[in-house]
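*Asks:* There's a structure below that I have some questions on.
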Amino acid sequence: MQTQPAAAHNRPSIVTGRADHLIFIAVTLLYWSTLYVYVPILPPFMSESGHSAMLIGIVLGSYGFTQMVVRFPLGLLSDKLHKRKPFLILGLLSGALSCLLFTIPGSWLWPLAGRIMSGVSASAWVAFTVLYAAYFATGEVTRAMSNISFMTVAGQLFGMTLSGWLAGAYSWNAAFIAGIAFGVAGLVLAFAIKEPKEGVARAPISLTLLGEIVRERTLAQVSTLSILAHGILFITMFGFTPLQATELGADKGELTLIVIAFMVPHALVSLITGRYLAPRFGTWNVIAVGFGLSALFTVAIPFSPSLGLLGLTQAFNGLAQGLHFPLLLGLAIQPFEPAKRATAMGFYQAVYSTGMFAGPFLAGFISDRFGLEGGFWLGGAIGLAALLLTLWWKRAARLQQHGISR
């Protein structure tokens with residue numbers, strides 16, 4: 001009699017076949033490619049159009065600002081409706097529209113509108129993860145999240161790698177047009193994604209639980225660190241590093257090599273951080289090393305005299321950021337029972353968007369007055385601050401474990 005509940009527990013919420021998985025994978029890859037196909041060329045594109053570093057920073061930062069405002073309410077609405085597929089469709093539609101807005105010449109307001117729309121698209125990501133998890137049994141959710149994390153990096157890498165080649169072989173607009181094509185193709189395929197009419201339920205994001213959850217010390221700590229981590233990321237590879245490369249003489253095609261130098265180590269290290277490095281060396285130690293290396297190699301960017309050395313700084317920066325990002329994500333939900341994890345993750349994702357906004361916004365403001373190197377010095381200072389906070393909180397956690405009050 002006990003085998004039936006166990007069997008039910010091990011069945012996925014949505015029974016799927018191989019074709020359903022392949023369609024979902026294709027849509028996810030197209031979604032991330034749409035969002036990232038122009039990211040490496042956006043700062044050089046705007047600079048060549050005569051826009052200042054401050055305006056570039058505002059445009060780059062609007063992506064995170066939009067997610068700060070939209071992501072949490074979108075998650076609440078998705079949970080209330082028990083529907084995920086409409087939000088996938090919204091994500092792809094807004095992603096394609098964002099690329100279209102970048103093709104309109106003239107005012108810097110068009111790139112701003114495009115980047116805001118891409119923030120709306122990125123806010124739909126939580127619906128992808130919830131729906132994909134429903135394709136797996138409860139005991140296989142970790143495998144599902146590992147799979148979808150790999151799809152994320154693969155889609156970003158494909159889009160960003162294609163970006164420089166398209167711009168070099170054709171024009172700046174070629175990357176935006178490719179983004180439109182990816183978004184439209186994903187949008188069409190998304191209608192074939194399997195979701196039952198009654199939708200997919202999960203423990204919902206809860207406003208009543210929010211006050212209790214934000215008082216959890218670990219969540220507050222890792223959310224703070226994630227804000228700083230995203231600030232560095234959106235100052236460097238997803239921000240002003242491509243502009244530094246063009247100042248060193250990189251053509252549009254060579255931007256691809258800078259992207260690969262960052263993304264490949266980032267992806268590979270992300271796969272082993274939680275599985276091998278954290279259990280062996282300690283979670284807080286690995287996070288500290290990640291921030292320390294990231295600070296060092298961010299400051300090294302403006303001192304790189306050649307594209308080869310710039311690529312080396314990106315390889316180490318990609319490695320460093322691959323050390324702490326997966327661990328912060330895991331720590332964000334670790335202290336909570338399953339019923340509270342959706343709310344904790346919704347809060348965490350909304351909060352770290354602050355770094356996506358503040359990092360490039362402040363770096364653009366500083367770079368406008370002190371040159372690009374000022375922005376990278378800011379990124380290094382953020383990394384150092386994150387390192388010091390990590391070491392402080394690691395010590396506090398150790399003292400707490402031993403029952404020592406300070």
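In the structure tokens, chains take the letters A, B, ... in the order shown, each chain's residues start at 1, and ligands count up from 1 in the order shown.
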Which residues come within 10 Å of A:Lys340, counting only C-alpha atoms, excluding same-chain residues fewer than 5 positions away, as a compact mmCIF listing (two decimals) with N, CA, C and O atoms, in the first residue's frame?
*Replies:*
```
# COMPACT_ATOMS: atom_id res chain seq x y z
N ALA A 203 4.50 25.42 -4.79
CA ALA A 203 4.40 26.28 -3.61
C ALA A 203 4.63 27.71 -4.08
O ALA A 203 5.69 28.04 -4.58
N PRO A 204 3.62 28.59 -3.98
CA PRO A 204 3.70 29.89 -4.66
C PRO A 204 4.57 30.90 -3.93
O PRO A 204 4.85 30.77 -2.73
N ILE A 205 4.96 31.93 -4.68
CA ILE A 205 5.56 33.10 -4.05
C ILE A 205 4.49 33.73 -3.16
O ILE A 205 3.36 33.93 -3.57
N SER A 206 4.84 34.01 -1.93
CA SER A 206 3.85 34.48 -0.96
C SER A 206 4.28 35.80 -0.34
O SER A 206 5.36 35.88 0.27
N LEU A 209 4.62 35.52 3.45
CA LEU A 209 5.85 34.90 3.95
C LEU A 209 7.07 35.79 3.74
O LEU A 209 8.13 35.53 4.31
N LEU A 210 6.93 36.82 2.91
CA LEU A 210 8.09 37.60 2.50
C LEU A 210 8.80 38.24 3.69
O LEU A 210 10.03 38.20 3.79
N GLU A 212 8.91 37.32 6.78
CA GLU A 212 9.62 36.30 7.56
C GLU A 212 10.89 35.84 6.85
O GLU A 212 11.94 35.66 7.47
N ILE A 213 10.80 35.70 5.54
CA ILE A 213 11.93 35.17 4.76
C ILE A 213 13.08 36.16 4.69
O ILE A 213 14.25 35.77 4.82
N ILE A 333 18.41 29.49 -1.11
CA ILE A 333 17.23 28.70 -0.75
C ILE A 333 17.53 27.61 0.28
O ILE A 333 16.61 27.01 0.82
N PRO A 335 18.38 27.53 3.49
CA PRO A 335 17.85 27.52 4.87
C PRO A 335 16.34 27.26 4.95
O PRO A 335 15.81 27.13 6.05
N MET A 345 13.43 32.44 -3.55
CA MET A 345 14.07 32.57 -4.85
C MET A 345 13.54 33.80 -5.59
O MET A 345 14.30 34.52 -6.25
```
*Asks:* Mind checking which residues fall within 6 Å of A:Tyr36, counting only C-alpha atoms, ignoring those fewer than 6 positions away in the same chain, and posting them as a PyMOL selection string?
*Replies:* chain A and resi 156+159-160
*Asks:* Take the selection from the previous step and output its residues with N, CA and C atoms, as a tab-separated table (two decimals), in the first residue's frame.
*Replies:*
```
chain	number	residue	atom	x	y	z
A	156	GLN	N	23.40	31.59	-24.17
A	156	GLN	CA	24.14	32.84	-24.05
A	156	GLN	C	25.43	32.78	-24.87
A	159	GLY	N	24.67	32.91	-28.69
A	159	GLY	CA	24.29	34.25	-29.12
A	159	GLY	C	25.46	35.22	-29.10
A	160	MET	N	26.23	35.21	-28.02
A	160	MET	CA	27.33	36.15	-27.88
A	160	MET	C	28.46	35.85	-28.85
```
*Asks:* Which polymer residues have any atom within 12 Å of an atom of A:Leu388, counting only C-alpha atoms, with same-chain residues fewer than 4 positions away left out, as a count of residues only?
*Replies:* 18
*Asks:* Would you pick out the contacts of A:Thr161 at 6 Å or less, using only C-alpha atoms, so that residues sharing its chain but fewer than 3 positions from it are not included, and give the list as a list in words?
*Replies:*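 Near A:Thr161, the qualifying residues are Leu157, Phe158 and Thr256 of chain A.
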*Asks:* Output C-alpha atoms of each residue in that selection to a file, as a PDB file, in the first residue's frame.
*Replies:*
```pdb
ATOM      1  CA  LEU A 157      27.421  31.521 -25.480  1.00  0.00           C
ATOM      2  CA  PHE A 158      25.877  30.812 -28.881  1.00  0.00           C
ATOM      3  CA  THR A 256      33.899  36.888 -30.445  1.00  0.00           C
TER       4      THR A 256
END
```
*Asks:* Find, counting only C-alpha atoms, the residue in A:Gln321, A:Gln221, A:Asn147, A:Thr28 that gets nearest to A:Ala124.
*Replies:*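 Smallest separation from A:Ala124 among the options: A:Thr28.
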*Asks:* Pick out the closest residue to A:Phe45 from this set: A:Leu243, A:Val15, A:Ile148, A:Leu207. Count only C-alpha atoms.
*Replies:*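 Among the listed residues, the smallest separation from A:Phe45 belongs to A:Leu243.
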*Asks:* Can you measure atom CA of A:Pro40 to atom CA of A:Met356 for me? One decimal in Å is fine.
*Replies:*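 Answer for the atom CA of A:Pro40 to atom CA of A:Met356 separation: 15.3 Å.
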*Asks:* From a DSSP pass on the backbone, collect the residues of stretch 157-241 of chain A flagged as alpha helix (DSSP H) and hand them back as a count of residues only.
*Replies:* 60
*Asks:* Which one is closest to A:Leu93: A:Ile116, A:Ile180, A:Ala53, A:Leu60? Count only C-alpha atoms.
*Replies:* A:Ile180
*Asks:* Using only C-alpha atoms, which protein or nucleic acid residues come within 8 Å of stretch 187-200 of chain A? Drop anything in the same chain fewer than 6 positions from it, and give the result as a ChimeraX atom specification.
*Replies:* /A:13-14,16,20,23-24,27,81-85,88-89,92-93,131,134
*Asks:* Using only C-alpha atoms for the distances, tell me which of A:Val259, A:Ala169, A:Ala358, A:Leu90 is nearest to A:Gly61.
*Replies:*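 Closest candidate: A:Ala358.
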*Asks:* If I take atom CA of A:Ser223 and atom CA of A:Val299, how far is one from the other in Å, to one decimal?
*Replies:*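 Spanning atom CA of A:Ser223 to atom CA of A:Val299 is a straight-line distance of 23.6 Å.
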*Asks:* Which residues are close to A:Thr354, i.e. within 9 Å by only C-alpha atoms, leaving aside same-chain residues fewer than 2 positions away? Reply as a VMD selection string.
*Replies:* chain A and resid 61 64 to 65 67 to 68 227 to 228 230 to 231 350 to 352 356 to 359
*Asks:* Those same residues, written as a tab-separated table (two decimals), in the first residue's frame with N, CA, C and O atoms?
*Replies:*
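Output below, filename result_18.tsv:
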```tsv
chain	number	residue	atom	x	y	z
A	61	GLY	N	22.25	49.55	-17.72
A	61	GLY	CA	21.65	49.37	-16.40
A	61	GLY	C	20.15	49.22	-16.42
A	61	GLY	O	19.56	48.62	-15.50
A	64	GLY	N	18.68	45.65	-15.80
A	64	GLY	CA	18.52	45.21	-14.41
A	64	GLY	C	17.42	45.96	-13.69
A	64	GLY	O	16.68	45.37	-12.89
A	65	PHE	N	17.30	47.26	-13.97
A	65	PHE	CA	16.26	48.06	-13.31
A	65	PHE	C	14.87	47.50	-13.63
A	65	PHE	O	14.01	47.39	-12.74
A	67	GLN	N	14.07	44.46	-14.39
A	67	GLN	CA	13.87	43.20	-13.67
A	67	GLN	C	13.58	43.44	-12.19
A	67	GLN	O	12.80	42.70	-11.58
A	68	MET	N	14.20	44.46	-11.62
A	68	MET	CA	13.90	44.82	-10.23
A	68	MET	C	12.41	45.09	-10.04
A	68	MET	O	11.80	44.70	-9.05
A	227	ILE	N	24.21	40.85	-5.41
A	227	ILE	CA	24.13	42.21	-5.99
A	227	ILE	C	25.53	42.64	-6.43
A	227	ILE	O	25.71	43.16	-7.55
A	228	LEU	N	26.52	42.43	-5.58
A	228	LEU	CA	27.90	42.83	-5.90
A	228	LEU	C	28.44	42.01	-7.06
A	228	LEU	O	29.11	42.55	-7.96
A	230	HIS	N	26.76	40.53	-9.52
A	230	HIS	CA	26.14	40.96	-10.78
A	230	HIS	C	26.62	42.35	-11.18
A	230	HIS	O	26.70	42.65	-12.39
A	231	GLY	N	26.94	43.19	-10.20
A	231	GLY	CA	27.51	44.49	-10.53
A	231	GLY	C	28.81	44.34	-11.29
A	231	GLY	O	29.04	45.01	-12.30
A	350	ALA	N	14.88	39.08	-7.67
A	350	ALA	CA	14.53	40.49	-7.81
A	350	ALA	C	15.62	41.38	-7.23
A	350	ALA	O	15.96	42.43	-7.81
A	351	VAL	N	16.21	40.95	-6.11
A	351	VAL	CA	17.21	41.78	-5.44
A	351	VAL	C	18.52	41.83	-6.22
A	351	VAL	O	19.11	42.90	-6.37
A	352	TYR	N	18.97	40.69	-6.77
A	352	TYR	CA	20.27	40.74	-7.45
A	352	TYR	C	20.20	41.56	-8.75
A	352	TYR	O	21.24	41.96	-9.28
A	356	MET	N	22.71	44.39	-11.55
A	356	MET	CA	22.68	44.55	-13.01
A	356	MET	C	22.42	46.01	-13.39
A	356	MET	O	22.88	46.47	-14.43
A	357	PHE	N	21.66	46.69	-12.55
A	357	PHE	CA	21.35	48.10	-12.80
A	357	PHE	C	22.46	49.01	-12.29
A	357	PHE	O	23.01	49.83	-13.04
A	358	ALA	N	22.81	48.87	-11.02
A	358	ALA	CA	23.71	49.83	-10.38
A	358	ALA	C	25.13	49.74	-10.92
A	358	ALA	O	25.81	50.77	-11.08
A	359	GLY	N	25.61	48.51	-11.21
A	359	GLY	CA	26.98	48.33	-11.68
A	359	GLY	C	27.28	49.13	-12.94
A	359	GLY	O	28.13	50.03	-12.93
```
*Asks:* Tell me which protein, DNA and RNA residues are within 12 Å of A:Ser94, counting only C-alpha atoms, leaving out same-chain ones fewer than 2 positions away, and put them as a ChimeraX atom specification.
*Replies:* /A:31,34-35,87-92,96-101,113-124,179-180,182-184,186-187
*Asks:* Write the residues of the preceding selection, restricted to N, CA and C atoms, as an mmCIF file, in the first residue's frame.
*Replies:*
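Written output follows (selection.cif):
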```cif
data_model
loop_
_atom_site.group_PDB
_atom_site.id
_atom_site.type_symbol
_atom_site.label_atom_id
_atom_site.label_comp_id
_atom_site.auth_asym_id
_atom_site.auth_seq_id
_atom_site.Cartn_x
_atom_site.Cartn_y
_atom_site.Cartn_z
ATOM 1 N N TYR A 31 15.564 31.478 -26.713
ATOM 2 C CA TYR A 31 15.259 32.562 -25.774
ATOM 3 C C TYR A 31 16.534 33.263 -25.311
ATOM 4 N N THR A 34 18.334 35.087 -28.146
ATOM 5 C CA THR A 34 17.678 36.362 -28.441
ATOM 6 C C THR A 34 18.145 37.454 -27.483
ATOM 7 N N LEU A 35 18.234 37.099 -26.202
ATOM 8 C CA LEU A 35 18.603 38.079 -25.183
ATOM 9 C C LEU A 35 20.072 38.501 -25.254
ATOM 10 N N PHE A 87 3.821 32.950 -20.114
ATOM 11 C CA PHE A 87 4.953 33.791 -19.734
ATOM 12 C C PHE A 87 6.191 33.463 -20.572
ATOM 13 N N LEU A 88 6.304 32.192 -21.005
ATOM 14 C CA LEU A 88 7.352 31.843 -21.964
ATOM 15 C C LEU A 88 7.141 32.602 -23.261
ATOM 16 N N ILE A 89 5.880 32.629 -23.712
ATOM 17 C CA ILE A 89 5.538 33.337 -24.942
ATOM 18 C C ILE A 89 5.821 34.834 -24.790
ATOM 19 N N LEU A 90 5.452 35.402 -23.638
ATOM 20 C CA LEU A 90 5.749 36.814 -23.366
ATOM 21 C C LEU A 90 7.250 37.081 -23.429
ATOM 22 N N GLY A 91 8.043 36.186 -22.835
ATOM 23 C CA GLY A 91 9.488 36.356 -22.827
ATOM 24 C C GLY A 91 10.081 36.385 -24.228
ATOM 25 N N LEU A 92 9.617 35.497 -25.090
ATOM 26 C CA LEU A 92 10.141 35.446 -26.455
ATOM 27 C C LEU A 92 9.651 36.614 -27.300
ATOM 28 N N ALA A 96 12.176 39.438 -28.913
ATOM 29 C CA ALA A 96 12.233 39.793 -30.333
ATOM 30 C C ALA A 96 11.970 41.291 -30.525
ATOM 31 N N LEU A 97 11.009 41.824 -29.775
ATOM 32 C CA LEU A 97 10.679 43.248 -29.882
ATOM 33 C C LEU A 97 11.854 44.111 -29.436
ATOM 34 N N SER A 98 12.572 43.660 -28.415
ATOM 35 C CA SER A 98 13.726 44.440 -27.940
ATOM 36 C C SER A 98 14.771 44.574 -29.046
ATOM 37 N N CYS A 99 15.026 43.485 -29.759
ATOM 38 C CA CYS A 99 16.002 43.534 -30.857
ATOM 39 C C CYS A 99 15.526 44.444 -31.980
ATOM 40 N N LEU A 100 14.226 44.436 -32.238
ATOM 41 C CA LEU A 100 13.668 45.310 -33.266
ATOM 42 C C LEU A 100 13.890 46.784 -32.912
ATOM 43 N N LEU A 101 13.710 47.136 -31.643
ATOM 44 C CA LEU A 101 13.868 48.525 -31.211
ATOM 45 C C LEU A 101 15.300 49.022 -31.406
ATOM 46 N N ALA A 113 14.872 51.890 -24.887
ATOM 47 C CA ALA A 113 13.607 51.145 -24.950
ATOM 48 C C ALA A 113 13.864 49.666 -25.235
ATOM 49 N N GLY A 114 14.839 49.390 -26.114
ATOM 50 C CA GLY A 114 15.166 48.007 -26.429
ATOM 51 C C GLY A 114 15.692 47.253 -25.231
ATOM 52 N N ARG A 115 16.558 47.903 -24.450
ATOM 53 C CA ARG A 115 17.141 47.233 -23.281
ATOM 54 C C ARG A 115 16.099 47.064 -22.173
ATOM 55 N N ILE A 116 15.179 48.028 -22.033
ATOM 56 C CA ILE A 116 14.092 47.877 -21.069
ATOM 57 C C ILE A 116 13.222 46.678 -21.454
ATOM 58 N N MET A 117 12.926 46.554 -22.743
ATOM 59 C CA MET A 117 12.105 45.428 -23.200
ATOM 60 C C MET A 117 12.830 44.105 -22.984
ATOM 61 N N SER A 118 14.155 44.091 -23.120
ATOM 62 C CA SER A 118 14.902 42.854 -22.856
ATOM 63 C C SER A 118 14.848 42.507 -21.370
ATOM 64 N N GLY A 119 14.749 43.519 -20.505
ATOM 65 C CA GLY A 119 14.568 43.261 -19.071
ATOM 66 C C GLY A 119 13.233 42.601 -18.785
ATOM 67 N N VAL A 120 12.187 43.026 -19.506
ATOM 68 C CA VAL A 120 10.883 42.369 -19.391
ATOM 69 C C VAL A 120 11.001 40.910 -19.817
ATOM 70 N N SER A 121 11.707 40.690 -20.928
ATOM 71 C CA SER A 121 11.905 39.317 -21.420
ATOM 72 C C SER A 121 12.624 38.457 -20.388
ATOM 73 N N ALA A 122 13.708 38.978 -19.822
ATOM 74 C CA ALA A 122 14.477 38.214 -18.843
ATOM 75 C C ALA A 122 13.669 37.915 -17.586
ATOM 76 N N SER A 123 12.701 38.770 -17.266
ATOM 77 C CA SER A 123 11.874 38.567 -16.071
ATOM 78 C C SER A 123 10.984 37.335 -16.194
ATOM 79 N N ALA A 124 10.788 36.854 -17.413
ATOM 80 C CA ALA A 124 9.949 35.672 -17.628
ATOM 81 C C ALA A 124 10.698 34.370 -17.366
ATOM 82 N N GLY A 179 18.672 38.400 -33.672
ATOM 83 C CA GLY A 179 17.908 38.295 -32.425
ATOM 84 C C GLY A 179 16.413 38.255 -32.675
ATOM 85 N N ILE A 180 15.948 39.075 -33.629
ATOM 86 C CA ILE A 180 14.530 39.043 -33.993
ATOM 87 C C ILE A 180 14.156 37.665 -34.519
ATOM 88 N N PHE A 182 15.665 34.757 -33.969
ATOM 89 C CA PHE A 182 15.666 33.769 -32.880
ATOM 90 C C PHE A 182 14.383 33.886 -32.052
ATOM 91 N N GLY A 183 14.001 35.119 -31.738
ATOM 92 C CA GLY A 183 12.814 35.325 -30.915
ATOM 93 C C GLY A 183 11.549 34.840 -31.598
ATOM 94 N N VAL A 184 11.416 35.144 -32.878
ATOM 95 C CA VAL A 184 10.219 34.719 -33.618
ATOM 96 C C VAL A 184 10.183 33.201 -33.743
ATOM 97 N N GLY A 186 11.572 31.024 -31.719
ATOM 98 C CA GLY A 186 11.244 30.508 -30.393
ATOM 99 C C GLY A 186 9.785 30.698 -30.056
ATOM 100 N N LEU A 187 9.233 31.850 -30.447
ATOM 101 C CA LEU A 187 7.826 32.149 -30.196
ATOM 102 C C LEU A 187 6.916 31.124 -30.876
#
```
*Asks:* When you draw a straight line from atom CA of A:Met263 to atom CA of A:Gly290, how long is it in Å?
*Replies:* 15.2 Å
*Asks:* Would you please work out which residue, of A:Ser353, A:Ser226, A:Ser367, A:Ser306, is nearest to A:Leu328 when using only C-alpha atoms?
*Replies:* A:Ser226
*Asks:* Restricting the calculation to only C-alpha atoms: of A:Thr129, A:Asn173, A:Gln314, A:Thr273, which residue gets closest to A:Gly330?
*Replies:*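 Among the listed residues, the smallest separation from A:Gly330 belongs to A:Thr273.
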